[in-house]
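Participant: Structure file work31.txt (compact mmCIF, C-alpha atoms and all ligand atoms) right here:
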```
# COMPACT_ATOMS: atom_id res chain seq x y z
CA MET A 1 98.29 18.14 57.32
CA LYS A 2 97.86 21.91 57.21
CA ILE A 3 100.08 24.06 59.43
CA GLU A 4 98.25 27.33 59.09
CA LEU A 5 95.78 29.26 61.19
CA THR A 6 92.20 29.22 59.91
CA GLU A 7 90.60 32.48 58.73
CA GLU A 8 88.71 32.65 62.03
CA GLN A 9 91.93 32.16 64.04
CA LYS A 10 93.71 34.86 61.96
CA LEU A 11 90.86 37.27 62.64
CA LEU A 12 91.06 36.46 66.34
CA GLN A 13 94.83 37.07 66.25
CA GLU A 14 94.34 40.51 64.66
CA THR A 15 91.63 41.47 67.14
CA VAL A 16 93.59 40.34 70.19
CA ARG A 17 96.79 41.97 68.91
CA ARG A 18 94.96 45.28 68.56
CA PHE A 19 93.51 44.97 72.08
CA ALA A 20 96.94 43.98 73.42
CA ASP A 21 98.73 46.87 71.70
CA GLU A 22 96.13 49.50 72.54
CA VAL A 23 95.00 48.46 76.03
CA VAL A 24 97.45 45.99 77.57
CA ARG A 25 100.91 47.16 76.44
CA PRO A 26 100.58 50.78 77.68
CA ARG A 27 100.22 49.54 81.28
CA ALA A 28 102.80 46.73 81.18
CA LYS A 29 105.80 48.69 82.45
CA GLU A 30 103.82 50.45 85.17
CA ILE A 31 102.26 47.30 86.65
CA ASP A 32 105.63 45.56 86.51
CA GLU A 33 106.99 48.36 88.70
CA THR A 34 104.06 48.75 91.10
CA GLY A 35 102.85 45.15 91.23
CA GLU A 36 99.26 46.38 91.04
CA PHE A 37 96.94 43.58 89.90
CA PRO A 38 95.36 44.69 86.58
CA ARG A 39 91.77 43.75 87.39
CA SER A 40 90.38 46.16 84.78
CA PHE A 41 92.41 44.32 82.12
CA PHE A 42 90.81 41.03 83.21
CA ASP A 43 87.34 42.59 83.07
CA GLN A 44 87.95 43.92 79.55
CA ALA A 45 89.45 40.62 78.43
CA GLY A 46 86.33 38.91 79.76
CA GLU A 47 84.14 41.16 77.65
CA LEU A 48 86.11 40.07 74.57
CA GLY A 49 85.63 36.39 75.45
CA LEU A 50 89.26 35.85 76.49
CA ALA A 51 88.60 34.54 80.02
CA GLY A 52 87.22 31.26 78.68
CA VAL A 53 88.46 31.09 75.10
CA ALA A 54 87.94 27.35 74.58
CA MET A 55 84.92 27.02 76.88
CA PRO A 56 81.52 26.31 75.30
CA GLU A 57 79.28 29.34 74.78
CA GLU A 58 76.54 27.73 76.88
CA TYR A 59 78.90 28.05 79.88
CA GLY A 60 79.92 31.65 79.24
CA GLY A 61 82.94 30.90 77.03
CA ALA A 62 83.89 32.00 73.52
CA GLY A 63 83.40 28.49 72.09
CA MET A 64 86.74 28.49 70.27
CA ASP A 65 89.45 25.82 70.12
CA THR A 66 92.76 25.22 71.93
CA ILE A 67 94.91 26.66 69.11
CA SER A 68 92.85 29.86 69.32
CA TYR A 69 93.55 29.81 73.05
CA CYS A 70 97.32 29.62 72.32
CA VAL A 71 97.01 32.55 69.91
CA VAL A 72 95.27 34.61 72.62
CA ILE A 73 97.87 33.86 75.30
CA GLU A 74 100.75 34.54 72.90
CA GLU A 75 99.32 37.88 71.76
CA ILE A 76 98.53 39.08 75.29
CA SER A 77 101.94 37.95 76.58
CA ARG A 78 103.67 39.70 73.67
CA ALA A 79 102.32 42.91 75.20
CA CYS A 80 102.45 41.99 78.89
CA ALA A 81 103.53 38.66 80.39
CA THR A 82 101.75 39.37 83.68
CA SER A 83 98.43 39.76 81.86
CA GLY A 84 99.19 36.58 79.91
CA VAL A 85 99.58 34.41 82.98
CA ILE A 86 96.49 35.88 84.67
CA LEU A 87 94.43 34.79 81.67
CA SER A 88 96.22 31.47 81.29
CA VAL A 89 95.46 30.46 84.88
CA ASN A 90 91.79 31.43 84.60
CA ASN A 91 91.39 29.58 81.28
CA SER A 92 93.49 26.46 81.75
CA LEU A 93 93.81 25.88 85.45
CA VAL A 94 90.32 26.86 86.54
CA CYS A 95 87.77 26.78 83.69
CA ASP A 96 89.22 23.69 82.02
CA PRO A 97 88.93 21.32 85.03
CA LEU A 98 85.47 22.68 85.84
CA LEU A 99 84.39 21.79 82.32
CA LYS A 100 86.08 18.39 82.39
CA PHE A 101 85.24 17.21 85.91
CA GLY A 102 82.40 19.47 87.11
CA THR A 103 78.78 18.56 87.70
CA GLU A 104 76.10 20.48 85.81
CA GLU A 105 75.37 22.48 88.98
CA GLN A 106 79.08 23.34 89.40
CA LYS A 107 79.29 24.45 85.78
CA GLN A 108 76.26 26.72 86.15
CA GLU A 109 77.40 28.14 89.47
CA PHE A 110 81.14 28.55 88.84
CA LEU A 111 82.26 27.85 85.27
CA THR A 112 79.80 30.24 83.65
CA PRO A 113 80.85 33.43 85.52
CA LEU A 114 84.55 32.41 85.37
CA ALA A 115 84.52 31.75 81.62
CA ALA A 116 82.64 34.99 81.02
CA GLY A 117 85.25 36.92 83.03
CA ARG A 118 82.75 38.08 85.64
CA LYS A 119 84.77 36.15 88.22
CA LEU A 120 88.47 35.40 88.48
CA GLY A 121 89.85 32.02 89.49
CA CYS A 122 93.03 30.64 91.02
CA PHE A 123 94.53 27.16 91.35
CA ALA A 124 95.67 26.31 94.88
CA LEU A 125 97.95 23.27 94.73
CA THR A 126 101.45 24.39 95.79
CA GLU A 127 102.39 24.48 99.48
CA PRO A 128 105.51 25.52 101.38
CA GLY A 129 106.66 21.89 101.50
CA ALA A 130 105.03 20.65 98.28
CA GLY A 131 106.13 22.32 95.04
CA SER A 132 107.49 19.89 92.46
CA ASP A 133 106.07 17.06 94.59
CA PRO A 134 102.42 18.00 95.12
CA ALA A 135 101.60 14.48 96.35
CA GLY A 136 103.24 15.61 99.60
CA LEU A 137 100.73 18.40 100.30
CA ARG A 138 99.54 18.84 103.90
CA THR A 139 96.27 20.77 103.65
CA THR A 140 93.60 18.55 105.16
CA ALA A 141 89.91 18.03 104.36
CA ARG A 142 87.82 16.39 107.09
CA ARG A 143 84.34 15.18 106.24
CA ASP A 144 81.69 16.53 108.60
CA GLY A 145 78.10 15.72 107.64
CA ASP A 146 77.31 17.34 104.30
CA ASP A 147 80.46 19.47 104.44
CA TYR A 148 84.22 19.13 104.40
CA VAL A 149 86.34 21.20 106.78
CA LEU A 150 89.61 22.44 105.25
CA ASP A 151 92.75 23.51 107.12
CA GLY A 152 96.12 24.41 105.62
CA ASN A 153 98.25 26.85 103.66
CA LYS A 154 99.17 27.42 100.03
CA VAL A 155 102.00 29.50 98.53
CA PHE A 156 102.85 31.13 95.18
CA ILE A 157 99.22 31.22 94.08
CA THR A 158 98.89 33.23 90.85
CA ASN A 159 95.77 35.49 90.91
CA GLY A 160 95.58 34.77 94.66
CA THR A 161 95.20 38.37 95.81
CA ASP A 162 92.17 38.97 93.60
CA ALA A 163 90.57 35.59 92.93
CA ASP A 164 86.84 35.15 93.60
CA VAL A 165 87.03 31.37 93.42
CA ALA A 166 89.85 28.93 94.24
CA LEU A 167 90.30 25.31 93.28
CA VAL A 168 91.84 23.94 96.46
CA PHE A 169 93.63 20.60 96.73
CA ALA A 170 93.54 18.93 100.15
CA SER A 171 94.03 15.45 101.56
CA VAL A 172 91.19 13.47 103.13
CA ASP A 173 93.73 10.94 104.44
CA MET A 174 97.45 11.62 104.40
CA ALA A 175 98.25 7.90 104.73
CA LEU A 176 96.79 7.37 101.25
CA LYS A 177 99.45 9.74 99.80
CA HIS A 178 98.36 11.00 96.35
CA LYS A 179 95.23 8.83 96.46
CA GLY A 180 93.90 10.90 99.37
CA ILE A 181 94.10 14.22 97.51
CA THR A 182 90.72 15.75 96.71
CA CYS A 183 89.81 18.95 94.87
CA PHE A 184 87.29 21.52 96.17
CA ILE A 185 85.74 24.60 94.61
CA VAL A 186 86.01 27.32 97.25
CA PRO A 187 84.49 30.80 96.89
CA ALA A 188 86.94 33.34 98.31
CA ASP A 189 84.28 34.87 100.55
CA THR A 190 83.89 31.62 102.51
CA PRO A 191 84.55 32.19 106.25
CA GLY A 192 88.00 30.84 107.14
CA TYR A 193 89.51 31.77 103.73
CA SER A 194 92.22 34.41 103.66
CA HIS A 195 95.03 35.53 101.40
CA GLY A 196 98.30 37.34 101.94
CA THR A 197 99.70 40.42 100.26
CA HIS A 198 101.16 40.48 96.77
CA GLU A 199 104.58 38.84 96.52
CA PHE A 200 107.20 41.06 94.78
CA LYS A 201 108.97 38.91 92.19
CA LEU A 202 111.73 39.06 89.56
CA GLY A 203 109.16 39.10 86.72
CA VAL A 204 105.43 38.79 85.98
CA ASN A 205 105.24 41.05 88.96
CA ALA A 206 101.55 41.99 88.97
CA SER A 207 99.99 38.54 88.77
CA GLY A 208 98.69 38.61 92.34
CA THR A 209 101.03 35.88 93.58
CA THR A 210 100.36 35.26 97.24
CA GLU A 211 99.71 32.81 100.06
CA LEU A 212 96.30 31.40 100.89
CA ALA A 213 95.23 30.14 104.30
CA PHE A 214 92.24 27.97 105.21
CA GLU A 215 91.20 27.82 108.82
CA ASN A 216 88.27 25.66 109.77
CA LEU A 217 86.85 26.44 106.33
CA ARG A 218 83.57 24.71 105.58
CA VAL A 219 82.83 23.72 102.01
CA PRO A 220 79.70 21.76 101.03
CA ALA A 221 80.38 18.27 99.66
CA LYS A 222 78.53 19.28 96.48
CA TRP A 223 81.44 21.63 95.69
CA ARG A 224 83.93 18.74 95.59
CA LEU A 225 85.37 18.61 92.06
CA GLY A 226 85.59 14.94 91.04
CA GLY A 227 85.49 12.05 93.46
CA GLU A 228 87.13 11.78 96.86
CA GLY A 229 90.77 10.85 96.19
CA ASP A 230 90.64 11.92 92.52
CA GLY A 231 92.29 15.29 93.18
CA PHE A 232 95.83 14.32 92.18
CA LYS A 233 94.66 13.19 88.77
CA VAL A 234 92.49 16.31 88.43
CA ALA A 235 95.61 18.39 89.17
CA MET A 236 97.89 16.49 86.80
CA ALA A 237 95.40 16.45 83.92
CA THR A 238 94.77 20.16 84.48
CA LEU A 239 98.47 20.96 84.43
CA ASP A 240 98.80 19.20 81.06
CA GLY A 241 96.53 21.91 79.66
CA GLY A 242 98.15 24.65 81.73
CA ARG A 243 101.57 23.79 80.30
CA ILE A 244 100.29 24.55 76.79
CA GLY A 245 99.23 27.99 78.04
CA ILE A 246 102.64 28.65 79.62
CA ALA A 247 104.37 27.55 76.41
CA ALA A 248 102.24 30.11 74.54
CA GLN A 249 103.11 32.74 77.15
CA ALA A 250 106.85 32.04 76.69
CA ILE A 251 106.45 32.41 72.91
CA GLY A 252 104.69 35.76 73.33
CA ILE A 253 107.46 37.11 75.56
CA ALA A 254 110.17 35.87 73.17
CA GLN A 255 108.33 37.24 70.13
CA ALA A 256 108.24 40.71 71.67
CA ALA A 257 111.95 40.53 72.50
CA PHE A 258 112.79 39.33 69.00
CA GLU A 259 110.79 42.08 67.28
CA GLU A 260 112.41 44.81 69.37
CA ALA A 261 115.92 43.39 68.89
CA LEU A 262 115.34 43.15 65.13
CA ALA A 263 114.19 46.77 64.91
CA TYR A 264 117.03 47.98 67.14
CA SER A 265 119.65 46.12 65.08
CA GLN A 266 118.44 47.91 61.94
CA GLN A 267 118.61 51.34 63.48
CA ARG A 268 121.64 51.29 65.80
CA GLU A 269 125.00 52.01 64.15
CA GLN A 270 128.48 51.08 65.33
CA PHE A 271 131.71 51.10 63.27
CA ASN A 272 129.77 53.03 60.59
CA GLN A 273 127.23 50.29 59.91
CA HIS A 274 123.99 49.02 61.32
CA LEU A 275 124.21 46.21 63.87
CA SER A 276 122.20 44.08 61.46
CA ASP A 277 125.08 44.31 58.97
CA PHE A 278 127.30 42.31 61.31
CA GLN A 279 127.18 38.59 60.68
CA ALA A 280 127.33 37.86 64.42
CA ILE A 281 124.07 39.77 64.91
CA GLN A 282 122.50 38.22 61.80
CA PHE A 283 123.24 34.76 63.22
CA TYR A 284 121.65 35.73 66.54
CA LEU A 285 118.52 36.87 64.69
CA ALA A 286 118.48 33.70 62.59
CA ASP A 287 118.67 31.49 65.68
CA MET A 288 115.97 33.51 67.44
CA ALA A 289 113.54 33.34 64.49
CA THR A 290 114.12 29.60 64.06
CA GLU A 291 113.70 28.72 67.71
CA LEU A 292 110.55 30.81 67.98
CA ASP A 293 109.00 28.98 65.06
CA ALA A 294 109.99 25.58 66.47
CA ALA A 295 108.44 26.41 69.85
CA ARG A 296 105.23 27.65 68.23
CA LEU A 297 104.92 24.49 66.15
CA LEU A 298 105.44 22.24 69.20
CA THR A 299 102.86 24.25 71.12
CA TRP A 300 100.28 24.15 68.35
CA LYS A 301 100.89 20.41 68.03
CA ALA A 302 100.14 19.97 71.75
CA ALA A 303 97.03 22.14 71.37
CA TRP A 304 95.92 20.13 68.34
CA THR A 305 96.41 16.87 70.25
CA LYS A 306 94.31 18.22 73.13
CA GLU A 307 91.67 19.40 70.69
CA ASN A 308 91.48 15.97 69.12
CA ALA A 309 90.65 14.36 72.45
CA ARG A 310 93.86 12.39 72.79
CA ARG A 311 96.12 12.17 75.82
CA TYR A 312 98.53 15.10 75.43
CA THR A 313 100.72 14.84 78.54
CA LEU A 314 103.87 14.23 76.46
CA GLU A 315 103.19 16.92 73.86
CA ALA A 316 102.36 19.52 76.53
CA ALA A 317 105.53 18.76 78.50
CA GLN A 318 107.67 18.96 75.35
CA ALA A 319 106.10 22.25 74.30
CA LYS A 320 106.49 23.80 77.76
CA LEU A 321 110.09 22.60 78.14
CA PHE A 322 111.22 23.83 74.74
CA ALA A 323 109.25 27.07 74.65
CA SER A 324 110.32 28.21 78.11
CA GLU A 325 114.01 27.47 77.53
CA MET A 326 113.75 29.07 74.07
CA ALA A 327 112.31 32.20 75.69
CA GLN A 328 115.28 32.35 78.04
CA ARG A 329 117.75 32.10 75.15
CA VAL A 330 115.87 34.53 72.89
CA THR A 331 115.37 37.22 75.53
CA ASN A 332 119.04 36.85 76.52
CA LYS A 333 120.16 37.40 72.92
CA ALA A 334 117.72 40.30 72.53
CA LEU A 335 119.28 41.96 75.55
CA GLN A 336 122.76 41.32 74.14
CA ILE A 337 121.82 42.94 70.82
CA HIS A 338 120.65 46.01 72.73
CA GLY A 339 124.05 46.15 74.52
CA GLY A 340 124.27 48.55 77.47
CA TYR A 341 120.86 50.06 76.64
CA GLY A 342 119.27 46.63 77.02
CA TYR A 343 120.40 46.57 80.62
CA THR A 344 118.56 49.78 81.42
CA LYS A 345 114.91 50.37 82.32
CA GLU A 346 114.61 52.63 79.27
CA TYR A 347 114.02 49.61 77.03
CA ASN A 348 111.51 46.79 77.47
CA VAL A 349 114.00 44.05 76.82
CA GLU A 350 115.19 43.78 80.44
CA ARG A 351 111.55 43.12 81.46
CA TYR A 352 111.18 40.41 78.82
CA PHE A 353 114.41 38.82 80.11
CA ARG A 354 113.04 38.80 83.67
CA ASP A 355 109.53 37.70 82.68
CA ALA A 356 110.78 34.76 80.61
CA ARG A 357 112.59 33.21 83.56
CA ILE A 358 109.46 32.07 85.41
CA THR A 359 108.21 30.04 82.45
CA GLU A 360 110.98 27.53 83.24
CA ILE A 361 109.66 27.20 86.80
CA TYR A 362 105.88 27.44 87.21
CA GLU A 363 103.45 24.73 86.16
CA GLY A 364 106.34 22.28 86.52
CA THR A 365 110.04 23.13 86.28
CA SER A 366 112.08 22.11 83.23
CA GLU A 367 113.37 19.20 85.29
CA ILE A 368 109.78 18.02 85.97
CA GLN A 369 108.96 18.28 82.24
CA LYS A 370 112.00 16.09 81.51
CA MET A 371 110.78 13.53 84.08
CA VAL A 372 107.37 13.44 82.35
CA ILE A 373 108.92 13.19 78.87
CA ALA A 374 111.38 10.48 79.93
CA ASP A 375 108.54 8.49 81.52
CA TRP A 376 106.62 8.57 78.22
CA VAL A 377 109.66 7.81 76.08
CA LEU A 378 110.77 4.91 78.28
CA ASN A 379 107.50 3.43 79.49
CA LYS A 380 104.51 4.69 77.58
CA ALA A 381 105.45 5.34 73.94
N1 LIG B 1 97.07 12.98 83.80
C1 LIG B 1 96.29 12.10 84.49
N2 LIG B 1 96.79 11.31 85.49
C2 LIG B 1 98.10 11.43 85.78
C3 LIG B 1 98.96 12.32 85.09
C4 LIG B 1 98.39 13.12 84.06
N3 LIG B 1 99.14 13.98 83.38
N4 LIG B 1 100.20 12.22 85.60
C5 LIG B 1 100.15 11.29 86.57
N5 LIG B 1 98.88 10.80 86.67
C6 LIG B 1 98.40 9.73 87.56
C7 LIG B 1 99.22 8.46 87.35
O1 LIG B 1 98.68 7.69 86.30
C8 LIG B 1 99.11 7.79 88.70
O2 LIG B 1 97.87 7.12 88.77
P1 LIG B 1 97.64 5.80 89.71
O3 LIG B 1 97.66 6.28 91.11
O4 LIG B 1 96.30 5.32 89.27
O5 LIG B 1 98.76 4.87 89.37
C9 LIG B 1 99.08 8.96 89.67
O6 LIG B 1 98.67 10.10 88.91
C10 LIG B 1 100.45 9.24 90.29
O7 LIG B 1 101.37 9.42 89.23
P2 LIG B 1 102.93 9.45 89.47
O8 LIG B 1 103.34 8.27 90.29
O9 LIG B 1 103.61 9.66 88.15
O10 LIG B 1 103.08 10.77 90.38
P3 LIG B 1 104.33 11.45 91.05
O11 LIG B 1 104.02 11.78 92.45
O12 LIG B 1 105.57 10.63 90.79
O13 LIG B 1 104.43 12.86 90.27
C11 LIG B 1 105.05 14.43 88.58
C12 LIG B 1 104.58 13.00 88.93
C13 LIG B 1 104.97 14.52 87.07
C14 LIG B 1 106.48 14.67 89.02
C15 LIG B 1 104.10 15.44 89.23
O14 LIG B 1 104.26 15.45 90.62
C16 LIG B 1 104.27 16.87 88.72
O15 LIG B 1 103.78 17.23 87.64
N6 LIG B 1 104.93 17.74 89.52
C17 LIG B 1 104.98 19.19 89.19
C18 LIG B 1 103.88 19.95 89.90
C19 LIG B 1 103.54 21.23 89.21
O16 LIG B 1 103.57 21.33 87.99
N7 LIG B 1 103.14 22.22 89.97
C20 LIG B 1 102.69 23.47 89.41
C21 LIG B 1 101.84 24.19 90.39
S1 LIG B 1 100.59 25.21 89.67
C22 LIG B 1 101.34 26.58 89.07
O17 LIG B 1 102.54 26.67 88.97
C23 LIG B 1 100.41 27.66 88.60
C24 LIG B 1 101.04 28.98 88.40
O18 LIG B 1 101.59 29.59 89.26
C25 LIG B 1 100.89 29.67 87.11
```
The structure in this file should be written as C-alpha cells.

Facilitator:
Amino acid sequence: MKIELTEEQKLLQETVRRFADEVVRPRAKEIDETGEFPRSFFDQAGELGLAGVAMPEEYGGAGMDTISYCVVIEEISRACATSGVILSVNNSLVCDPLLKFGTEEQKQEFLTPLAAGRKLGCFALTEPGAGSDPAGLRTTARRDGDDYVLDGNKVFITNGTDADVALVFASVDMALKHKGITCFIVPADTPGYSHGTHEFKLGVNASGTTELAFENLRVPAKWRLGGEGDGFKVAMATLDGGRIGIAAQAIGIAQAAFEEALAYSQQREQFNQHLSDFQAIQFYLADMATELDAARLLTWKAAWTKENARRYTLEAAQAKLFASEMAQRVTNKALQIHGGYGYTKEYNVERYFRDARITEIYEGTSEIQKMVIADWVLNKA
C-alpha cells in the first residue's frame, strides 16, 4: 500500500492550483455576490482537460484516473466552490454515465464534446416532489414510434441555466415505480425544453441552479441512455461517483478555510500574543488538520476503489458523509478563529462557511448516506 500521489498526480495538482489561484480565485467573491454563471471558467477548464478528467482521450477526456479527478475538484474548490461543483457535475454526473452506459454513437455525439469542455452538461433527476426519494419522480416518457415524448418538471438542477445537454430521468410507467424510470440524453435546444432563472442560494451561488421544464419534448429512442427501466440504476450508480466529487469539493472548501485561519492565527494579536499561542486555538487547528486528512484519505480510498473496478457505493457514501460534515466543522472553527472579522464580508471565511453547507445536502443528504452505509453494514458486508 502506498498512500502518496504519483509524480504525474503531483504535477497535475501544481498545474491546477496555479490555474485556480490565478484564474478562478480572483472571480470567486464576485460571482458569489452576483450569481453570474462563470461560463468562461468552464471553457478554460475544458482547454486544460478538466471537464473530463478521467474520461479516455479518444472521447475528448484527459485520460487520467479518479484520484487525479479528486485532486482537480479539491484544488478548484479551494479557490471557488461554485466552480468546483460545476466541474464535478460535468465530470461525474454527465460524462461518467455516458462512458459507462452509452452506445458508441452516444459517446461520439455527446461524451466527446462534453469531456472536452466544448459543451456543458447537467443531471436532471430531482423534482419538486422527489428529492431524497427519486423513485417517486413524476416526469413521464411516452413511446411514440421512434421517439419518446417527455413531459414534466425538474428543480435544483446544477448547471441548469447554461447546460447544452441534460441527462433527464423520466418514467415510462409510473405503476412500475423505480423499474419504470428511464434515462434520456436531451440537447437543451430541443423544442419543448426550457429552463428557469438562476436560483439565489446560501452558497455556491453561481452554479446555475434552476428549474427545467419539458413540454411535449420529443427525443429519439436512440438517445435513451441504457435500457427502458434501467434509469434508476443509472442514476444510483452515477451518484456513487458524484459523491466522490462532492467529498473532494468539501475538502477543497475546508482546506481553504483552514489555511486562512492558520495564517490569521499567526498574525492576529490579543492579550499581547498571537492567537496561535493560545492552546484553545492550537487545539482547533489540530482538530481541523486531522479531520481534513481523514476526509482526504477516505475520499482517495473511494476513488481508488472506483478505479479498481469494484463496487464503491459504501466507500463513496462514507467519504461524502464524513467530508461534508468535516467541512461544516472546519469552516465553523475557521470563522470562530477569525472572530468578529470572520463574520464580515471582508474575509473569505464567511463564504467558505456558507459554501460548505450544501455538501451535506446535494447528491444525497447526510441522512441518505447513513441509510446507504447502514444497508451495506447490515446486509451487504
Ligand atoms: N448502484 C446500482 N444500483 C443500485 C444502487 C447503486 N448505488 N443503489 C440501489 N440500486 C438498485 C438496487 O439494487 C435495486 O435494484 P432492484 O430493483 O434490482 O432490486 C434498486 O436500485 C432500488 O434500490 P433501493 O430499493 O435501495 O432504492 P430506494 O428507493 O430505497 O432508494 C436511496 C435508495 C439510497 C435512498 C436512493 O433513493 C438515494 O440515493 N436517494 C438520494 C437521491 C440523491 O442523491 N439525489 C441527488 C440528486 S442530484 C444532485 O444533487 C446534483 C447536484 O445538484 C450537484

Participant: Around ligand LIG 1 (chain B), which protein and nucleic acid residues have at least one atom no more than 7 Å from it, if we count all atoms listed in the file? List them as a ChimeraX atom specification.

Facilitator: /A:85,89,123,125-126,131-135,156-158,178-179,232-234,236-237,239-240,313,362-365,368,371-372

Participant: Between A:Asp164, A:Glu22, A:Asp189, A:Glu199, which is the closest to Asn90 (chain A) once you count all atoms listed in the file?

Facilitator: A:Asp164

Participant: Provide the CA of Arg357 (chain A) to CA of Ser324 (chain A) distance in Å, to one decimal place.

Facilitator: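 Here the two named atoms are 7.7 Å from each other.
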
Participant: Enumerate, as a VMD selection string, the protein, DNA and RNA residues whose atoms approach (112.5, 40.5, 80.3) to within 10 Å, taking into account all atoms listed in the file and the coordinate frame of the file.

Facilitator: chain A and resid 81 202 to 204 253 to 254 256 to 257 327 to 328 331 to 332 334 to 335 342 to 343 347 to 357

Participant: Just want the 12 Å neighbourhood of Arg218 (chain A), counted on all atoms listed in the file, with same-chain residues fewer than 3 positions away dropped. Output as a VMD selection string.

Facilitator: chain A and resid 140 to 151 184 to 193 214 to 215 221 to 224

Participant: Using all atoms listed in the file for the distances, tell me which of A:Gly231, A:Gly60, A:Gly241, A:Gly84 is nearest to Ala206 (chain A).

Facilitator: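 Answer, going by the shortest atom-to-atom distance: A:Gly84.
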
Participant: Give me, please, the distance in Å between CA of Arg118 (chain A) and CA of Gly242 (chain A), quoted to one decimal.

Facilitator: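 Atom-to-atom, CA of Arg118 (chain A) to CA of Gly242 (chain A), that is 20.8 Å.
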
Participant: Between A:Ser92, A:Thr359, A:Thr299, A:Thr290, which is the closest to Ser77 (chain A) once you count all atoms listed in the file?

Facilitator: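 Once distances to Ser77 (chain A) are computed over all atoms listed in the file, the minimum belongs to A:Thr359.
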
Participant: Work out how far apart CA of Ala20 (chain A) and CA of Arg78 (chain A) are and give it in Å to one decimal.

Facilitator: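 Separation between CA of Ala20 (chain A) and CA of Arg78 (chain A): 8.0 Å.
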
Participant: Please provide as number ranges by chain all residues within 9 Å of Val24 (chain A), with the sequence filter that same-chain residues fewer than 5 positions apart are discarded (counting all atoms listed in the file).

Facilitator: A: 19, 41, 76, 79-80, 83

Participant: Any chance you can output those residues with C-alpha atoms as a PDB file, in the frame of the given file?

Facilitator:
```
ATOM      1  CA  PHE A  19      93.510  44.970  72.080  1.00  0.00           C
ATOM      2  CA  PHE A  41      92.410  44.320  82.120  1.00  0.00           C
ATOM      3  CA  ILE A  76      98.530  39.080  75.290  1.00  0.00           C
ATOM      4  CA  ALA A  79     102.320  42.910  75.200  1.00  0.00           C
ATOM      5  CA  CYS A  80     102.450  41.990  78.890  1.00  0.00           C
ATOM      6  CA  SER A  83      98.430  39.760  81.860  1.00  0.00           C
TER       7      SER A  83
END
```

Participant: Every residue with an atom at most 8 Å from (103.9, 32.4, 69.4) (file coordinates; only C-alpha atoms) is what I'm after, so could you write them as a list in words?

Facilitator: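 Residues with an atom at most 8 Å from (103.9, 32.4, 69.4): Cys70, Val71, Glu74, Glu75, Ala248, Gln249, Ala250, Ile251, Gly252, Gln255, Leu292, Asp293, Ala295 and Arg296 of chain A.
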
Participant: I need the residue nearest Gly136 (chain A) from this list: A:Lys177, A:Arg27, A:Lys345, A:Arg18. Use all atoms listed in the file for the distance.

Facilitator: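 Of all the options, A:Lys177 lies closest to Gly136 (chain A).
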
Participant: From the list A:Ala261, A:Met326, A:Ala317, A:Ile337, which residue is nearest Asp375 (chain A) when using all atoms listed in the file?

Facilitator: A:Ala317

Participant: Excluding same-chain residues fewer than 5 positions from Glu127 (chain A), what lies within 9 Å of it counting all atoms listed in the file, as a PDB file with C-alpha atoms, keeping the file's coordinate frame?

Facilitator:
```pdb
ATOM      1  CA  PRO A 134     102.420  18.000  95.120  1.00  0.00           C
ATOM      2  CA  GLY A 136     103.240  15.610  99.600  1.00  0.00           C
ATOM      3  CA  LEU A 137     100.730  18.400 100.300  1.00  0.00           C
ATOM      4  CA  ARG A 138      99.540  18.840 103.900  1.00  0.00           C
ATOM      5  CA  THR A 139      96.270  20.770 103.650  1.00  0.00           C
ATOM      6  CA  GLY A 152      96.120  24.410 105.620  1.00  0.00           C
ATOM      7  CA  ASN A 153      98.250  26.850 103.660  1.00  0.00           C
ATOM      8  CA  LYS A 154      99.170  27.420 100.030  1.00  0.00           C
ATOM      9  CA  VAL A 155     102.000  29.500  98.530  1.00  0.00           C
ATOM     10  CA  PHE A 156     102.850  31.130  95.180  1.00  0.00           C
ATOM     11  CA  GLU A 211      99.710  32.810 100.060  1.00  0.00           C
TER      12      GLU A 211
END
```

Participant: Given the choices A:Ala175, A:Val377, A:Cys183, A:Leu93, which gets closest to Leu314 (chain A) if the distance is worked out from all atoms listed in the file?

Facilitator: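 Residue with the minimum atom-to-atom distance to Leu314 (chain A): A:Val377.
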
Participant: Could you list, as a PyMOL selection string, every residue within 10 Å of region 282-285 of chain A, counting all atoms listed in the file and ignoring same-chain residues fewer than 2 positions away?

Facilitator: chain A and resi 258-259+261-262+265+275-280+287-291+330+333-334+336-337
